[in-house]
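Below is the file protein01.cif, which contains mmCIF, N, CA and C atoms and all ligand atoms.
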data_data
#
loop_
_atom_site.label_atom_id
_atom_site.label_comp_id
_atom_site.auth_asym_id
_atom_site.auth_seq_id
_atom_site.Cartn_x
_atom_site.Cartn_y
_atom_site.Cartn_z
N ALA M 274 10.02 10.11 4.52
CA ALA M 274 8.55 10.23 4.59
C ALA M 274 7.96 10.30 3.18
N LEU M 275 6.72 9.89 3.10
CA LEU M 275 6.02 9.90 1.83
C LEU M 275 5.70 11.36 1.47
N SER M 276 6.02 11.75 0.24
CA SER M 276 5.62 13.07 -0.20
C SER M 276 4.84 12.91 -1.50
N ILE M 277 4.09 13.93 -1.82
CA ILE M 277 3.29 13.85 -3.03
C ILE M 277 4.20 13.78 -4.26
N GLN M 278 5.30 14.54 -4.21
CA GLN M 278 6.27 14.51 -5.33
C GLN M 278 6.92 13.14 -5.47
N GLY M 279 7.31 12.57 -4.32
CA GLY M 279 7.95 11.25 -4.34
C GLY M 279 6.99 10.19 -4.85
N GLU M 280 5.74 10.26 -4.39
CA GLU M 280 4.77 9.25 -4.79
C GLU M 280 4.43 9.38 -6.27
N LEU M 281 4.49 10.61 -6.77
CA LEU M 281 4.24 10.84 -8.19
C LEU M 281 5.30 10.14 -9.04
N ASN M 282 6.53 10.11 -8.56
CA ASN M 282 7.58 9.41 -9.29
C ASN M 282 7.32 7.90 -9.31
N ASN M 283 6.89 7.35 -8.17
CA ASN M 283 6.52 5.93 -8.14
C ASN M 283 5.39 5.66 -9.11
N THR M 284 4.41 6.55 -9.08
CA THR M 284 3.23 6.42 -9.93
C THR M 284 3.60 6.30 -11.40
N LYS M 285 4.51 7.18 -11.82
CA LYS M 285 4.93 7.17 -13.23
C LYS M 285 5.54 5.83 -13.58
N ALA M 286 6.38 5.32 -12.70
CA ALA M 286 7.05 4.04 -12.95
C ALA M 286 6.03 2.90 -13.01
N ILE M 287 5.08 2.90 -12.07
CA ILE M 287 4.10 1.81 -12.00
C ILE M 287 3.20 1.82 -13.23
N LEU M 288 2.72 3.00 -13.61
CA LEU M 288 1.83 3.07 -14.77
C LEU M 288 2.56 2.73 -16.05
N GLU M 289 3.80 3.20 -16.17
CA GLU M 289 4.58 2.86 -17.36
C GLU M 289 4.77 1.35 -17.47
N ALA M 290 5.09 0.72 -16.32
CA ALA M 290 5.29 -0.73 -16.31
C ALA M 290 4.01 -1.46 -16.70
N ALA M 291 2.87 -0.87 -16.35
CA ALA M 291 1.58 -1.50 -16.66
C ALA M 291 1.10 -1.13 -18.07
N GLY M 292 1.86 -0.33 -18.78
CA GLY M 292 1.49 0.05 -20.13
C GLY M 292 0.35 1.06 -20.18
N ILE M 293 0.21 1.84 -19.12
CA ILE M 293 -0.86 2.85 -19.07
C ILE M 293 -0.23 4.23 -19.24
N ARG M 294 -0.72 4.97 -20.23
CA ARG M 294 -0.20 6.32 -20.45
C ARG M 294 -0.59 7.22 -19.28
N ILE M 295 0.30 8.13 -18.94
CA ILE M 295 0.02 8.99 -17.80
C ILE M 295 0.19 10.44 -18.20
N SER M 296 -0.70 11.29 -17.73
CA SER M 296 -0.48 12.72 -17.89
C SER M 296 -0.66 13.38 -16.53
N VAL M 297 0.23 14.27 -16.23
CA VAL M 297 0.20 14.95 -14.93
C VAL M 297 0.08 16.44 -15.16
N SER M 298 -0.88 17.06 -14.49
CA SER M 298 -0.87 18.51 -14.52
C SER M 298 -0.95 19.07 -13.12
N GLY M 299 -0.37 20.22 -12.95
CA GLY M 299 -0.22 20.80 -11.62
C GLY M 299 1.24 20.77 -11.24
N GLU M 300 1.58 21.44 -10.16
CA GLU M 300 2.99 21.56 -9.76
C GLU M 300 3.20 21.09 -8.33
N PRO M 301 3.40 19.76 -8.17
CA PRO M 301 3.49 19.19 -6.83
C PRO M 301 4.61 19.79 -5.99
N GLN M 302 5.72 20.17 -6.65
CA GLN M 302 6.84 20.70 -5.87
C GLN M 302 6.51 22.06 -5.25
N LYS M 303 5.48 22.69 -5.78
CA LYS M 303 5.11 24.01 -5.25
C LYS M 303 4.00 23.95 -4.21
N LEU M 304 3.41 22.75 -4.02
CA LEU M 304 2.29 22.66 -3.10
C LEU M 304 2.78 22.90 -1.67
N GLY M 305 2.23 23.90 -1.04
CA GLY M 305 2.60 24.15 0.34
C GLY M 305 1.72 23.33 1.26
N ALA M 306 2.23 22.21 1.73
CA ALA M 306 1.44 21.36 2.62
C ALA M 306 2.35 20.74 3.67
N PRO M 307 1.89 20.68 4.91
CA PRO M 307 2.69 20.09 5.98
C PRO M 307 2.85 18.58 5.77
N PRO M 308 3.83 17.97 6.46
CA PRO M 308 4.13 16.55 6.25
C PRO M 308 2.93 15.61 6.38
N LEU M 309 2.07 15.83 7.37
CA LEU M 309 0.92 14.93 7.54
C LEU M 309 0.01 14.96 6.32
N VAL M 310 -0.20 16.14 5.78
CA VAL M 310 -1.07 16.29 4.61
C VAL M 310 -0.41 15.65 3.38
N GLN M 311 0.88 15.91 3.22
CA GLN M 311 1.65 15.29 2.11
C GLN M 311 1.56 13.77 2.18
N ASN M 312 1.71 13.28 3.40
CA ASN M 312 1.70 11.84 3.63
C ASN M 312 0.36 11.23 3.24
N ILE M 313 -0.71 11.84 3.69
CA ILE M 313 -2.04 11.30 3.39
C ILE M 313 -2.36 11.43 1.90
N LEU M 314 -1.98 12.54 1.30
CA LEU M 314 -2.18 12.69 -0.16
C LEU M 314 -1.38 11.63 -0.92
N GLY M 315 -0.17 11.38 -0.46
CA GLY M 315 0.67 10.37 -1.10
C GLY M 315 0.03 8.99 -1.02
N LEU M 316 -0.53 8.65 0.16
CA LEU M 316 -1.20 7.36 0.32
C LEU M 316 -2.43 7.26 -0.57
N CYS M 317 -3.18 8.35 -0.66
CA CYS M 317 -4.37 8.36 -1.52
C CYS M 317 -3.97 8.14 -2.97
N LEU M 318 -2.90 8.82 -3.40
CA LEU M 318 -2.44 8.66 -4.77
C LEU M 318 -2.02 7.21 -5.02
N ARG M 319 -1.31 6.64 -4.05
CA ARG M 319 -0.83 5.26 -4.21
C ARG M 319 -2.01 4.29 -4.37
N GLU M 320 -3.03 4.43 -3.52
CA GLU M 320 -4.17 3.53 -3.59
C GLU M 320 -4.99 3.76 -4.86
N ALA M 321 -5.13 5.03 -5.25
CA ALA M 321 -5.87 5.32 -6.49
C ALA M 321 -5.19 4.65 -7.67
N ILE M 322 -3.86 4.72 -7.71
CA ILE M 322 -3.11 4.13 -8.82
C ILE M 322 -3.15 2.60 -8.77
N ASN M 323 -3.06 2.05 -7.54
CA ASN M 323 -3.24 0.59 -7.40
C ASN M 323 -4.56 0.18 -8.01
N ASN M 324 -5.60 0.92 -7.72
CA ASN M 324 -6.93 0.58 -8.24
C ASN M 324 -6.99 0.70 -9.76
N VAL M 325 -6.37 1.73 -10.30
CA VAL M 325 -6.36 1.89 -11.76
C VAL M 325 -5.69 0.67 -12.39
N VAL M 326 -4.55 0.27 -11.83
CA VAL M 326 -3.81 -0.85 -12.40
C VAL M 326 -4.58 -2.16 -12.21
N LYS M 327 -5.15 -2.35 -11.00
CA LYS M 327 -5.80 -3.61 -10.66
C LYS M 327 -7.16 -3.79 -11.32
N HIS M 328 -7.93 -2.72 -11.38
CA HIS M 328 -9.35 -2.86 -11.72
C HIS M 328 -9.79 -2.24 -13.04
N SER M 329 -9.07 -1.22 -13.54
CA SER M 329 -9.69 -0.39 -14.57
C SER M 329 -9.54 -0.92 -16.00
N GLY M 330 -8.44 -1.58 -16.29
CA GLY M 330 -8.16 -1.94 -17.68
C GLY M 330 -7.99 -0.72 -18.58
N ALA M 331 -7.68 0.42 -17.97
CA ALA M 331 -7.54 1.66 -18.74
C ALA M 331 -6.25 1.66 -19.55
N ASP M 332 -6.21 2.49 -20.59
CA ASP M 332 -4.92 2.70 -21.25
C ASP M 332 -4.37 4.10 -20.99
N THR M 333 -5.18 4.93 -20.34
CA THR M 333 -4.73 6.28 -20.02
C THR M 333 -5.18 6.67 -18.62
N CYS M 334 -4.29 7.36 -17.92
CA CYS M 334 -4.62 7.83 -16.57
C CYS M 334 -4.10 9.25 -16.43
N SER M 335 -4.95 10.13 -15.94
CA SER M 335 -4.46 11.49 -15.75
C SER M 335 -4.56 11.91 -14.29
N ILE M 336 -3.57 12.63 -13.89
CA ILE M 336 -3.47 13.08 -12.49
C ILE M 336 -3.43 14.59 -12.50
N LEU M 337 -4.31 15.15 -11.71
CA LEU M 337 -4.42 16.61 -11.65
C LEU M 337 -4.23 17.07 -10.22
N LEU M 338 -3.29 17.97 -10.04
CA LEU M 338 -3.07 18.54 -8.71
C LEU M 338 -3.42 20.01 -8.77
N GLY M 339 -4.33 20.41 -7.91
CA GLY M 339 -4.71 21.81 -7.92
C GLY M 339 -4.73 22.36 -6.52
N GLU M 340 -4.67 23.65 -6.40
CA GLU M 340 -4.77 24.23 -5.06
C GLU M 340 -5.41 25.60 -5.12
N ASP M 341 -6.07 25.94 -4.03
CA ASP M 341 -6.47 27.33 -3.85
C ASP M 341 -5.85 27.79 -2.52
N THR M 342 -6.34 28.86 -1.97
CA THR M 342 -5.69 29.39 -0.77
C THR M 342 -5.64 28.37 0.36
N HIS M 343 -6.74 27.64 0.52
CA HIS M 343 -6.86 26.80 1.72
C HIS M 343 -6.79 25.30 1.45
N LYS M 344 -6.98 24.90 0.21
CA LYS M 344 -7.12 23.47 -0.05
C LYS M 344 -6.30 22.96 -1.22
N ILE M 345 -5.97 21.67 -1.15
CA ILE M 345 -5.29 21.00 -2.26
C ILE M 345 -6.24 19.93 -2.79
N THR M 346 -6.34 19.83 -4.09
CA THR M 346 -7.17 18.81 -4.71
C THR M 346 -6.31 17.88 -5.55
N LEU M 347 -6.52 16.59 -5.37
CA LEU M 347 -5.84 15.58 -6.18
C LEU M 347 -6.93 14.79 -6.91
N THR M 348 -6.86 14.77 -8.23
CA THR M 348 -7.86 14.05 -9.01
C THR M 348 -7.17 13.03 -9.92
N VAL M 349 -7.61 11.79 -9.82
CA VAL M 349 -7.06 10.71 -10.65
C VAL M 349 -8.19 10.18 -11.53
N THR M 350 -8.00 10.27 -12.84
CA THR M 350 -9.03 9.84 -13.78
C THR M 350 -8.47 8.75 -14.69
N ASP M 351 -9.27 7.71 -14.92
CA ASP M 351 -8.86 6.72 -15.90
C ASP M 351 -9.97 6.50 -16.93
N ASN M 352 -9.60 5.93 -18.06
CA ASN M 352 -10.59 5.69 -19.12
C ASN M 352 -10.91 4.20 -19.24
N GLY M 353 -10.96 3.54 -18.09
CA GLY M 353 -11.17 2.09 -18.08
C GLY M 353 -12.62 1.67 -18.02
N THR M 354 -12.85 0.48 -17.45
CA THR M 354 -14.18 -0.12 -17.45
C THR M 354 -15.15 0.55 -16.49
N GLY M 355 -14.61 1.14 -15.42
CA GLY M 355 -15.48 1.75 -14.42
C GLY M 355 -16.18 0.70 -13.58
N ALA M 356 -16.50 1.06 -12.34
CA ALA M 356 -17.29 0.18 -11.47
C ALA M 356 -17.96 1.08 -10.46
N GLU M 357 -19.28 1.04 -10.45
CA GLU M 357 -20.00 1.88 -9.51
C GLU M 357 -20.09 1.19 -8.17
N LEU M 358 -19.64 1.86 -7.13
CA LEU M 358 -19.75 1.30 -5.80
C LEU M 358 -21.22 1.20 -5.45
N GLY M 359 -21.60 0.11 -4.78
CA GLY M 359 -23.00 -0.04 -4.41
C GLY M 359 -23.76 -0.86 -5.44
N ARG M 360 -23.19 -1.02 -6.60
CA ARG M 360 -23.80 -1.92 -7.58
C ARG M 360 -23.17 -3.30 -7.42
N PRO M 361 -23.90 -4.32 -7.77
CA PRO M 361 -23.38 -5.67 -7.55
C PRO M 361 -21.96 -5.86 -8.11
N GLU M 362 -21.72 -5.36 -9.31
CA GLU M 362 -20.40 -5.60 -9.90
C GLU M 362 -19.32 -4.74 -9.25
N GLY M 363 -19.77 -3.73 -8.51
CA GLY M 363 -18.78 -2.84 -7.89
C GLY M 363 -18.54 -3.14 -6.42
N VAL M 364 -19.41 -3.93 -5.84
CA VAL M 364 -19.25 -4.24 -4.42
C VAL M 364 -18.01 -5.10 -4.22
N SER M 365 -17.22 -4.77 -3.24
CA SER M 365 -16.06 -5.58 -2.98
C SER M 365 -15.77 -5.58 -1.49
N SER M 366 -14.97 -6.54 -1.08
CA SER M 366 -14.55 -6.59 0.31
C SER M 366 -13.29 -5.75 0.49
N GLY M 367 -12.94 -4.98 -0.53
CA GLY M 367 -11.71 -4.20 -0.51
C GLY M 367 -11.71 -3.17 0.60
N ARG M 368 -10.52 -2.83 1.03
CA ARG M 368 -10.34 -1.88 2.11
C ARG M 368 -9.74 -0.57 1.62
N GLY M 369 -9.37 -0.54 0.36
CA GLY M 369 -8.60 0.60 -0.14
C GLY M 369 -9.32 1.93 0.00
N LEU M 370 -10.52 2.01 -0.55
CA LEU M 370 -11.25 3.29 -0.53
C LEU M 370 -11.69 3.64 0.89
N LEU M 371 -12.07 2.62 1.66
CA LEU M 371 -12.45 2.87 3.05
C LEU M 371 -11.28 3.43 3.86
N GLY M 372 -10.12 2.81 3.66
CA GLY M 372 -8.91 3.27 4.34
C GLY M 372 -8.59 4.71 3.99
N MET M 373 -8.76 5.04 2.70
CA MET M 373 -8.53 6.43 2.27
C MET M 373 -9.46 7.38 3.00
N LYS M 374 -10.74 7.01 3.06
CA LYS M 374 -11.72 7.87 3.73
C LYS M 374 -11.38 8.07 5.19
N GLU M 375 -10.98 6.99 5.85
CA GLU M 375 -10.64 7.08 7.27
C GLU M 375 -9.46 8.02 7.50
N ARG M 376 -8.45 7.89 6.66
CA ARG M 376 -7.28 8.77 6.81
C ARG M 376 -7.65 10.21 6.52
N LEU M 377 -8.48 10.40 5.49
CA LEU M 377 -8.87 11.77 5.13
C LEU M 377 -9.66 12.43 6.24
N GLU M 378 -10.50 11.65 6.92
CA GLU M 378 -11.29 12.22 8.02
C GLU M 378 -10.41 12.80 9.12
N LEU M 379 -9.22 12.21 9.30
CA LEU M 379 -8.30 12.71 10.33
C LEU M 379 -7.93 14.16 10.08
N ILE M 380 -7.92 14.57 8.82
CA ILE M 380 -7.50 15.95 8.50
C ILE M 380 -8.63 16.73 7.84
N GLN M 381 -9.87 16.32 8.11
CA GLN M 381 -11.03 16.98 7.52
C GLN M 381 -10.96 17.03 5.98
N GLY M 382 -10.43 15.97 5.42
CA GLY M 382 -10.40 15.87 3.96
C GLY M 382 -11.65 15.15 3.46
N THR M 383 -11.87 15.23 2.15
CA THR M 383 -13.05 14.57 1.57
C THR M 383 -12.65 13.78 0.32
N LEU M 384 -13.49 12.82 -0.02
CA LEU M 384 -13.21 11.96 -1.17
C LEU M 384 -14.48 11.83 -2.00
N ILE M 385 -14.33 11.97 -3.30
CA ILE M 385 -15.46 11.73 -4.20
C ILE M 385 -15.04 10.66 -5.21
N TYR M 386 -15.82 9.59 -5.27
CA TYR M 386 -15.57 8.50 -6.21
C TYR M 386 -16.69 8.52 -7.22
N SER M 387 -16.34 8.57 -8.46
CA SER M 387 -17.40 8.58 -9.47
C SER M 387 -16.96 7.72 -10.65
N SER M 388 -17.82 6.79 -11.02
CA SER M 388 -17.43 5.80 -12.00
C SER M 388 -18.58 5.60 -12.97
N ILE M 389 -18.27 5.54 -14.23
CA ILE M 389 -19.30 5.28 -15.22
C ILE M 389 -18.92 4.00 -15.96
N PRO M 390 -19.76 2.94 -15.81
CA PRO M 390 -19.42 1.68 -16.47
C PRO M 390 -19.17 1.89 -17.96
N GLY M 391 -18.05 1.38 -18.43
CA GLY M 391 -17.69 1.51 -19.82
C GLY M 391 -16.94 2.79 -20.16
N LYS M 392 -16.93 3.74 -19.23
CA LYS M 392 -16.29 5.03 -19.52
C LYS M 392 -15.07 5.33 -18.65
N GLY M 393 -15.11 4.84 -17.42
CA GLY M 393 -13.96 5.08 -16.56
C GLY M 393 -14.32 5.61 -15.19
N THR M 394 -13.29 5.94 -14.46
CA THR M 394 -13.45 6.29 -13.05
C THR M 394 -12.67 7.57 -12.73
N THR M 395 -13.26 8.38 -11.88
CA THR M 395 -12.56 9.54 -11.35
C THR M 395 -12.60 9.50 -9.83
N LEU M 396 -11.47 9.68 -9.24
CA LEU M 396 -11.38 9.76 -7.79
C LEU M 396 -10.78 11.11 -7.44
N SER M 397 -11.51 11.86 -6.63
CA SER M 397 -11.04 13.20 -6.31
C SER M 397 -10.97 13.37 -4.80
N VAL M 398 -9.83 13.85 -4.34
CA VAL M 398 -9.56 14.00 -2.91
C VAL M 398 -9.25 15.46 -2.64
N LYS M 399 -9.88 16.00 -1.61
CA LYS M 399 -9.63 17.40 -1.26
C LYS M 399 -9.21 17.51 0.19
N VAL M 400 -8.11 18.18 0.44
CA VAL M 400 -7.61 18.30 1.81
C VAL M 400 -7.28 19.76 2.14
N PRO M 401 -7.50 20.14 3.40
CA PRO M 401 -7.10 21.48 3.81
C PRO M 401 -5.58 21.54 3.97
N LYS M 402 -5.00 22.70 3.62
CA LYS M 402 -3.54 22.83 3.74
C LYS M 402 -3.10 22.93 5.19
N VAL M 403 -3.95 23.52 6.00
CA VAL M 403 -3.59 23.67 7.41
C VAL M 403 -4.47 22.74 8.22
N VAL M 404 -3.82 21.88 9.00
CA VAL M 404 -4.56 20.91 9.80
C VAL M 404 -4.70 21.43 11.22
N LYS M 405 -5.97 21.40 11.68
CA LYS M 405 -6.23 21.91 13.03
C LYS M 405 -6.04 20.81 14.07
P1 LIG M 501 -7.96 -3.43 -1.73
O1 LIG M 501 -7.84 -1.97 -2.03
O2 LIG M 501 -8.28 -3.68 -0.30
O3 LIG M 501 -6.79 -4.19 -2.23
P2 LIG M 501 -10.01 -3.28 -3.71
O4 LIG M 501 -9.05 -2.54 -4.58
O5 LIG M 501 -10.91 -4.28 -4.36
O6 LIG M 501 -9.21 -4.01 -2.55
P3 LIG M 501 -11.12 -0.69 -3.08
O7 LIG M 501 -9.81 -0.04 -3.38
O8 LIG M 501 -11.86 -0.20 -1.89
O9 LIG M 501 -10.95 -2.26 -2.91
O10 LIG M 501 -12.06 -0.53 -4.35
C1 LIG M 501 -13.39 -1.04 -4.28
C2 LIG M 501 -13.88 -1.51 -5.64
O11 LIG M 501 -14.12 -0.40 -6.48
C3 LIG M 501 -12.90 -2.38 -6.40
O12 LIG M 501 -12.96 -3.73 -6.00
C4 LIG M 501 -13.37 -2.19 -7.83
O13 LIG M 501 -14.50 -3.00 -8.10
C5 LIG M 501 -13.84 -0.75 -7.82
N1 LIG M 501 -12.83 0.19 -8.34
C6 LIG M 501 -12.04 1.03 -7.62
N2 LIG M 501 -11.27 1.78 -8.41
C7 LIG M 501 -11.56 1.42 -9.68
C8 LIG M 501 -11.10 1.84 -10.99
N3 LIG M 501 -10.15 2.78 -11.13
N4 LIG M 501 -11.65 1.24 -12.08
C9 LIG M 501 -12.61 0.28 -11.95
N5 LIG M 501 -13.08 -0.15 -10.75
C10 LIG M 501 -12.57 0.41 -9.64
MG MG M 502 -7.92 -0.93 -3.85
#

Serialized structure, structure tokens:
Amino acid sequence: ALSIQGELNNTKAILEAAGIRISVSGEPQKLGAPPLVQNILGLCLREAINNVVKHSGADTCSILLGEDTHKITLTVTDNGTGAELGRPEGVSSGRGLLGMKERLELIQGTLIYSSIPGKGTTLSVKVPKVVK
């Protein structure tokens, strides 16, 4: 099964191959999350990294994993070109972000996409540790 730790290892390999520096903070091996949550977080990380490689032109990407009592937050930031969704240059027929949102809704998770043209993009995903 997909785990956040496992996907992080793929991420490192993919970004290194693409020549993008990566920094990771947080302790994925300590995150207490059930398999469904791990799986969805792993998919979100995979799609976020696909987007960084495909669209951003960034040379640096940072991944932050945080948690509090009830929630886990995954934040992926790049220093690339940025693309604001809803703007002509950002509109796409892509399914990646939509698919992420749909999966997150299954577990009452949320997604925030924020992009500044010329400065980069941040994608932040928040999920509850316990799924009802
Ligand atoms: P798909 O994911 O279906 O292969 P896609 O990647 O184009 O296609 P989304 O993942 O939904 O679709 O992303 C929508 C659009 O948002 C992208 O086409 C791109 O314009 C923009 N985008 C997303 N992430 C980034 C990023 N890290 N840097 C710059 N632009 C981005
Ligand atoms: Mg995509």

TODO: Around ligand LIG 501 (chain M), at most 7 Å away and counting only N, CA and C atoms and all ligand atoms, which residues are there? Put them as a PyMOL selection string, please.
DONE: chain M and resi 320-321+323-330+351+353-358+362-372+393-395

Need to verify the contact set: M:Pro301, 7 Å, all atoms listed in the file, exclusion of same-chain residues closer than 4 positions in sequence. Can you return it as a PDB file with N, CA and C atoms, in the frame of the given file?
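Final file, result-v9.pdb:
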ATOM      1  N   ILE M 277       4.090  13.930  -1.820  1.00  0.00           N
ATOM      2  CA  ILE M 277       3.290  13.850  -3.030  1.00  0.00           C
ATOM      3  C   ILE M 277       4.200  13.780  -4.260  1.00  0.00           C
ATOM      4  N   GLN M 278       5.300  14.540  -4.210  1.00  0.00           N
ATOM      5  CA  GLN M 278       6.270  14.510  -5.330  1.00  0.00           C
ATOM      6  C   GLN M 278       6.920  13.140  -5.470  1.00  0.00           C
ATOM      7  N   GLY M 305       2.230  23.900  -1.040  1.00  0.00           N
ATOM      8  CA  GLY M 305       2.600  24.150   0.340  1.00  0.00           C
ATOM      9  C   GLY M 305       1.720  23.330   1.260  1.00  0.00           C
ATOM     10  N   LEU M 338      -3.290  17.970 -10.040  1.00  0.00           N
ATOM     11  CA  LEU M 338      -3.070  18.540  -8.710  1.00  0.00           C
ATOM     12  C   LEU M 338      -3.420  20.010  -8.770  1.00  0.00           C
TER      13      LEU M 338
END

When DSSP is applied to the backbone of this structure, which of chain M are assigned strand (DSSP E)? Write them out as a compact mmCIF listing (two decimals) with N, CA and C atoms, keeping the file's coordinate frame.
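Contents of the output file out.txt:
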# COMPACT_ATOMS: atom_id res chain seq x y z
N ARG M 294 -0.72 4.97 -20.23
CA ARG M 294 -0.20 6.32 -20.45
C ARG M 294 -0.59 7.22 -19.28
N ILE M 295 0.30 8.13 -18.94
CA ILE M 295 0.02 8.99 -17.80
C ILE M 295 0.19 10.44 -18.20
N SER M 296 -0.70 11.29 -17.73
CA SER M 296 -0.48 12.72 -17.89
C SER M 296 -0.66 13.38 -16.53
N VAL M 297 0.23 14.27 -16.23
CA VAL M 297 0.20 14.95 -14.93
C VAL M 297 0.08 16.44 -15.16
N SER M 298 -0.88 17.06 -14.49
CA SER M 298 -0.87 18.51 -14.52
C SER M 298 -0.95 19.07 -13.12
N THR M 333 -5.18 4.93 -20.34
CA THR M 333 -4.73 6.28 -20.02
C THR M 333 -5.18 6.67 -18.62
N CYS M 334 -4.29 7.36 -17.92
CA CYS M 334 -4.62 7.83 -16.57
C CYS M 334 -4.10 9.25 -16.43
N SER M 335 -4.95 10.13 -15.94
CA SER M 335 -4.46 11.49 -15.75
C SER M 335 -4.56 11.91 -14.29
N ILE M 336 -3.57 12.63 -13.89
CA ILE M 336 -3.47 13.08 -12.49
C ILE M 336 -3.43 14.59 -12.50
N LEU M 337 -4.31 15.15 -11.71
CA LEU M 337 -4.42 16.61 -11.65
C LEU M 337 -4.23 17.07 -10.22
N LEU M 338 -3.29 17.97 -10.04
CA LEU M 338 -3.07 18.54 -8.71
C LEU M 338 -3.42 20.01 -8.77
N GLY M 339 -4.33 20.41 -7.91
CA GLY M 339 -4.71 21.81 -7.92
C GLY M 339 -4.73 22.36 -6.52
N GLU M 340 -4.67 23.65 -6.40
CA GLU M 340 -4.77 24.23 -5.06
C GLU M 340 -5.41 25.60 -5.12
N LYS M 344 -6.98 24.90 0.21
CA LYS M 344 -7.12 23.47 -0.05
C LYS M 344 -6.30 22.96 -1.22
N ILE M 345 -5.97 21.67 -1.15
CA ILE M 345 -5.29 21.00 -2.26
C ILE M 345 -6.24 19.93 -2.79
N THR M 346 -6.34 19.83 -4.09
CA THR M 346 -7.17 18.81 -4.71
C THR M 346 -6.31 17.88 -5.55
N LEU M 347 -6.52 16.59 -5.37
CA LEU M 347 -5.84 15.58 -6.18
C LEU M 347 -6.93 14.79 -6.91
N THR M 348 -6.86 14.77 -8.23
CA THR M 348 -7.86 14.05 -9.01
C THR M 348 -7.17 13.03 -9.92
N VAL M 349 -7.61 11.79 -9.82
CA VAL M 349 -7.06 10.71 -10.65
C VAL M 349 -8.19 10.18 -11.53
N THR M 350 -8.00 10.27 -12.84
CA THR M 350 -9.03 9.84 -13.78
C THR M 350 -8.47 8.75 -14.69
N ASP M 351 -9.27 7.71 -14.92
CA ASP M 351 -8.86 6.72 -15.90
C ASP M 351 -9.97 6.50 -16.93
N THR M 383 -11.87 15.23 2.15
CA THR M 383 -13.05 14.57 1.57
C THR M 383 -12.65 13.78 0.32
N LEU M 384 -13.49 12.82 -0.02
CA LEU M 384 -13.21 11.96 -1.17
C LEU M 384 -14.48 11.83 -2.00
N ILE M 385 -14.33 11.97 -3.30
CA ILE M 385 -15.46 11.73 -4.20
C ILE M 385 -15.04 10.66 -5.21
N TYR M 386 -15.82 9.59 -5.27
CA TYR M 386 -15.57 8.50 -6.21
C TYR M 386 -16.69 8.52 -7.22
N SER M 387 -16.34 8.57 -8.46
CA SER M 387 -17.40 8.58 -9.47
C SER M 387 -16.96 7.72 -10.65
N SER M 388 -17.82 6.79 -11.02
CA SER M 388 -17.43 5.80 -12.00
C SER M 388 -18.58 5.60 -12.97
N ILE M 389 -18.27 5.54 -14.23
CA ILE M 389 -19.30 5.28 -15.22
C ILE M 389 -18.92 4.00 -15.96
N GLY M 393 -15.11 4.84 -17.42
CA GLY M 393 -13.96 5.08 -16.56
C GLY M 393 -14.32 5.61 -15.19
N THR M 394 -13.29 5.94 -14.46
CA THR M 394 -13.45 6.29 -13.05
C THR M 394 -12.67 7.57 -12.73
N THR M 395 -13.26 8.38 -11.88
CA THR M 395 -12.56 9.54 -11.35
C THR M 395 -12.60 9.50 -9.83
N LEU M 396 -11.47 9.68 -9.24
CA LEU M 396 -11.38 9.76 -7.79
C LEU M 396 -10.78 11.11 -7.44
N SER M 397 -11.51 11.86 -6.63
CA SER M 397 -11.04 13.20 -6.31
C SER M 397 -10.97 13.37 -4.80
N VAL M 398 -9.83 13.85 -4.34
CA VAL M 398 -9.56 14.00 -2.91
C VAL M 398 -9.25 15.46 -2.64
N LYS M 399 -9.88 16.00 -1.61
CA LYS M 399 -9.63 17.40 -1.26
C LYS M 399 -9.21 17.51 0.19
N VAL M 400 -8.11 18.18 0.44
CA VAL M 400 -7.61 18.30 1.81
C VAL M 400 -7.28 19.76 2.14
N PRO M 401 -7.50 20.14 3.40
CA PRO M 401 -7.10 21.48 3.81
C PRO M 401 -5.58 21.54 3.97

- [ ] For atom CA of M:Asn283 and atom CA of M:His343, determine how far apart the two atoms are, in Å to one decimal place.
- [x] 26.7 Å

Open item on the list: Measuring between only N, CA and C atoms and all ligand atoms, which one of M:Arg319, M:Ala290, M:Leu304, M:Tyr386 shows the shortest distance to ligand MG 502 (chain M)?
Closed with: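 Of the candidates, the smallest distance to ligand MG 502 (chain M) is held by M:Arg319.
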
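Proximity ranking of M:Thr342, M:Val398, M:Ile322, M:Glu375 relative to ligand MG 502 (chain M) places M:Ile322 first, based on only N, CA and C atoms and all ligand atoms.
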
Task: chain M: residues DSSP assigns to alpha helix (DSSP H), reported as a PyMOL selection string - done: chain M and resi 277-290+308-324+369-379

Task: Contact residues around M:Leu309 with only C-alpha atoms at 12 Å, ignoring same-chain residues under 3 positions, as a ChimeraX atom specification - done: /M:274-277,305-306,312-316,376-377,379-380,382,400-405

TODO: May I ask for the distance between atom N of M:Leu384 and atom C of M:Glu289, given in Å to one decimal place?
DONE: 27.7 Å

Task: Å distance separating atom CA of M:Thr350 from atom N of M:Glu280, one decimal place - done: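 Between atom CA of M:Thr350 and atom N of M:Glu280 the gap is 17.5 Å.
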
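Using only C-alpha atoms and all ligand atoms for every distance, the candidate list M:Ile287, M:Cys317, M:Asn352, M:Gly339 yields M:Cys317 as the residue closest to ligand MG 502 (chain M).
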
Open item on the list: Could you check the closest approach to ligand MG 502 (chain M) for each of M:Leu396, M:Arg294, M:Gly299, M:Ile389 and tell me which residue wins, using only C-alpha atoms and all ligand atoms?
Closed with: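 For ligand MG 502 (chain M), the nearest of the candidates is M:Leu396.
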